[in-house]
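**Q** Here it is, the structure in full.
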Amino acid sequence: DTEVTQTPKHLVMGMTNKKSLKCEQHMGHRAMYWYKQKAKKPPELMFVYSYEKLSINESVPSRFSPECPNSSLLNLHLHALQPEDSALYLCASSLDASSYNEQFFGPGTRLTVL
Amino acid sequence: QQPVQSPQAVILREGEDAVINCSSSKALYSVHWYRQKHGEAPVFLMILLKGGEQKGHEKISASFNEKKQQSSLYLTASQLSYSGTYFCGILIKAAGNKLTFGGGTRVLVKP
């Protein structure tokens with residue numbers, strides 16, 4: 001199994017809602033990532049988990065809360081988002097968080113905040 | 001710290017060649033190349049780990065000049081399937097294991 005899966009594919013939420021994005025991989029990878037991608041822009045790193053511990057937080061607002069319950073799962077909890085948070089949210093994983101390893105990306109969750 | 005990619009866009013006829021450049025103002029650990037088709041996830045093409053290294057995948061190859069902090073991606077005898085946006089991602093020696101992507105180069109290959 002060489003894929004990263006993400007659910008849901010699409011999500012529409014209001015500014016007062018709480019929702020979660022889910023990411024799963026079964027490749028034995030020990031590094032997992034959340035990226036945010038706006039239209040016609042490159043992916044921007046939000047968080048890195050290495051061996052289930054948060055190792056990088058790119059000064060992301062607290063309305064985004066990541067969680068890594070185990071080595072295969074990565075969640076992103078969303079609360080009180082703003083319309084400007086609408087974007088494609090990509091999850092990725094790699095063997096570990098060193099510079100040598102390719103990152104495998106999931107198909108993303110397209111989020112719309114109303 | 002975002003790498004600079006050029007050109008921003010290129011249109012090719014099938015069979016033509018193109019070069020995409022990626023340059024950084026910081027010393028690099030490695031350069032990653034990805035291709036993203038519209039509405040899809042980025043797909044890994046190759047990693048270059050040390051100065052002077054060249055790699056290839058079918059008719060797509062890349063080079064890494066560590067001294068100049070630059071990498072180039074070569075699309076040779078382009079095929080329709082090469083269309084998409086190409087991103088270079090860099091790991092900077094001073095910034096830990098954080099992959100920072102360039103602005104992207106949109107490639108359209110026409111029949």
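Just so we're on the same page: first chain in the structure tokens is A, next is B, and so on; residues restart at 1 for each chain, and ligands are numbered from 1 in the order they show up.
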Can I get the residues of chain B within 12 Å of chain A, each with the closest pair of atoms and their distance in Å to one decimal, using only C-alpha atoms, sorted chain first then ascending number, as JSON lines?

**A**
```
{"residue": "B:Gln2", "atom": "CA", "partner": "A:Pro42", "partner_atom": "CA", "distance": 10.0}
{"residue": "B:Pro3", "atom": "CA", "partner": "A:Pro42", "partner_atom": "CA", "distance": 11.0}
{"residue": "B:Val4", "atom": "CA", "partner": "A:Pro42", "partner_atom": "CA", "distance": 11.7}
{"residue": "B:Gln5", "atom": "CA", "partner": "A:Pro42", "partner_atom": "CA", "distance": 11.2}
{"residue": "B:Gln8", "atom": "CA", "partner": "A:Lys40", "partner_atom": "CA", "distance": 11.1}
{"residue": "B:Ala9", "atom": "CA", "partner": "A:Lys40", "partner_atom": "CA", "distance": 11.8}
{"residue": "B:Leu28", "atom": "CA", "partner": "A:Ser99", "partner_atom": "CA", "distance": 10.0}
{"residue": "B:Tyr29", "atom": "CA", "partner": "A:Ser99", "partner_atom": "CA", "distance": 6.8}
{"residue": "B:Ser30", "atom": "CA", "partner": "A:Ser99", "partner_atom": "CA", "distance": 6.4}
{"residue": "B:Val31", "atom": "CA", "partner": "A:Ser99", "partner_atom": "CA", "distance": 8.8}
{"residue": "B:His32", "atom": "CA", "partner": "A:Glu102", "partner_atom": "CA", "distance": 7.6}
{"residue": "B:Trp33", "atom": "CA", "partner": "A:Glu102", "partner_atom": "CA", "distance": 9.3}
{"residue": "B:Tyr34", "atom": "CA", "partner": "A:Gln103", "partner_atom": "CA", "distance": 9.5}
{"residue": "B:Arg35", "atom": "CA", "partner": "A:Pro42", "partner_atom": "CA", "distance": 10.9}
{"residue": "B:Gln36", "atom": "CA", "partner": "A:Pro42", "partner_atom": "CA", "distance": 9.8}
{"residue": "B:Lys37", "atom": "CA", "partner": "A:Pro107", "partner_atom": "CA", "distance": 11.1}
{"residue": "B:His38", "atom": "CA", "partner": "A:Lys40", "partner_atom": "CA", "distance": 9.6}
{"residue": "B:Gly39", "atom": "CA", "partner": "A:Pro107", "partner_atom": "CA", "distance": 8.4}
{"residue": "B:Glu40", "atom": "CA", "partner": "A:Pro107", "partner_atom": "CA", "distance": 5.9}
{"residue": "B:Ala41", "atom": "CA", "partner": "A:Pro107", "partner_atom": "CA", "distance": 4.8}
{"residue": "B:Pro42", "atom": "CA", "partner": "A:Phe105", "partner_atom": "CA", "distance": 6.2}
{"residue": "B:Val43", "atom": "CA", "partner": "A:Phe105", "partner_atom": "CA", "distance": 7.0}
{"residue": "B:Phe44", "atom": "CA", "partner": "A:Glu102", "partner_atom": "CA", "distance": 6.6}
{"residue": "B:Leu45", "atom": "CA", "partner": "A:Glu102", "partner_atom": "CA", "distance": 8.7}
{"residue": "B:Met46", "atom": "CA", "partner": "A:Glu102", "partner_atom": "CA", "distance": 7.7}
{"residue": "B:Ile47", "atom": "CA", "partner": "A:Glu102", "partner_atom": "CA", "distance": 7.1}
{"residue": "B:Leu48", "atom": "CA", "partner": "A:Tyr100", "partner_atom": "CA", "distance": 8.5}
{"residue": "B:Leu49", "atom": "CA", "partner": "A:Tyr100", "partner_atom": "CA", "distance": 7.0}
{"residue": "B:Lys50", "atom": "CA", "partner": "A:Tyr100", "partner_atom": "CA", "distance": 10.4}
{"residue": "B:Gly84", "atom": "CA", "partner": "A:Lys40", "partner_atom": "CA", "distance": 11.4}
{"residue": "B:Thr85", "atom": "CA", "partner": "A:Lys40", "partner_atom": "CA", "distance": 9.0}
{"residue": "B:Tyr86", "atom": "CA", "partner": "A:Pro42", "partner_atom": "CA", "distance": 9.6}
{"residue": "B:Phe87", "atom": "CA", "partner": "A:Pro42", "partner_atom": "CA", "distance": 7.3}
{"residue": "B:Cys88", "atom": "CA", "partner": "A:Pro42", "partner_atom": "CA", "distance": 9.5}
{"residue": "B:Gly89", "atom": "CA", "partner": "A:Pro42", "partner_atom": "CA", "distance": 9.5}
{"residue": "B:Ile90", "atom": "CA", "partner": "A:Ser99", "partner_atom": "CA", "distance": 9.1}
{"residue": "B:Leu91", "atom": "CA", "partner": "A:Ser99", "partner_atom": "CA", "distance": 6.6}
{"residue": "B:Ile92", "atom": "CA", "partner": "A:Ser99", "partner_atom": "CA", "distance": 9.3}
{"residue": "B:Lys93", "atom": "CA", "partner": "A:Ser99", "partner_atom": "CA", "distance": 9.7}
{"residue": "B:Ala95", "atom": "CA", "partner": "A:Ile56", "partner_atom": "CA", "distance": 10.4}
{"residue": "B:Gly96", "atom": "CA", "partner": "A:Ser98", "partner_atom": "CA", "distance": 8.8}
{"residue": "B:Asn97", "atom": "CA", "partner": "A:Ser98", "partner_atom": "CA", "distance": 6.1}
{"residue": "B:Lys98", "atom": "CA", "partner": "A:Leu45", "partner_atom": "CA", "distance": 7.6}
{"residue": "B:Leu99", "atom": "CA", "partner": "A:Leu45", "partner_atom": "CA", "distance": 7.3}
{"residue": "B:Thr100", "atom": "CA", "partner": "A:Glu44", "partner_atom": "CA", "distance": 7.2}
{"residue": "B:Phe101", "atom": "CA", "partner": "A:Pro42", "partner_atom": "CA", "distance": 6.0}
{"residue": "B:Gly102", "atom": "CA", "partner": "A:Pro42", "partner_atom": "CA", "distance": 6.6}
{"residue": "B:Gly103", "atom": "CA", "partner": "A:Pro42", "partner_atom": "CA", "distance": 5.6}
{"residue": "B:Gly104", "atom": "CA", "partner": "A:Pro42", "partner_atom": "CA", "distance": 6.5}
{"residue": "B:Thr105", "atom": "CA", "partner": "A:Pro42", "partner_atom": "CA", "distance": 10.0}
{"residue": "B:Arg106", "atom": "CA", "partner": "A:Lys40", "partner_atom": "CA", "distance": 9.4}
```

**Q** Write out as a list in words all residues of range 51-95 of chain B that DSSP puts in strand (DSSP E) for this structure's backbone.

**A**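 Secondary structure check on range 51-95 of chain B, strand (DSSP E): Gln54, Lys55, Gly56, His57, Ile60, Ser61, Ala62, Ser63, Phe64, Asn65, Gln70, Ser71, Ser72, Leu73, Tyr74, Leu75, Gly84, Thr85, Tyr86, Phe87, Cys88, Gly89, Ile90, Leu91 and Ile92 of chain B.
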
**Q** If you measure from CA of Asn21 in chain B to CA of Gln69 in chain B, what distance in Å do you get, rounded to one decimal?

**A**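 Spanning CA of Asn21 in chain B to CA of Gln69 in chain B is a straight-line distance of 10.8 Å.
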
**Q** Between CA of Gln25 in chain A and CA of Met13 in chain A, what is the spacing in Å?

**A** 25.5 Å

**Q** Extract, using only C-alpha atoms, all DNA, RNA and protein residues at most 8 Å from Leu111 in chain A, discarding same-chain residues fewer than 5 positions from it, and format them as number ranges by chain.

**A** A: 10-13, 85-89

**Q** Between CA of Val107 in chain B and CA of Lys38 in chain A, what distance in Å does the model show, to one decimal?

**A**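 It comes out at 18.6 Å.
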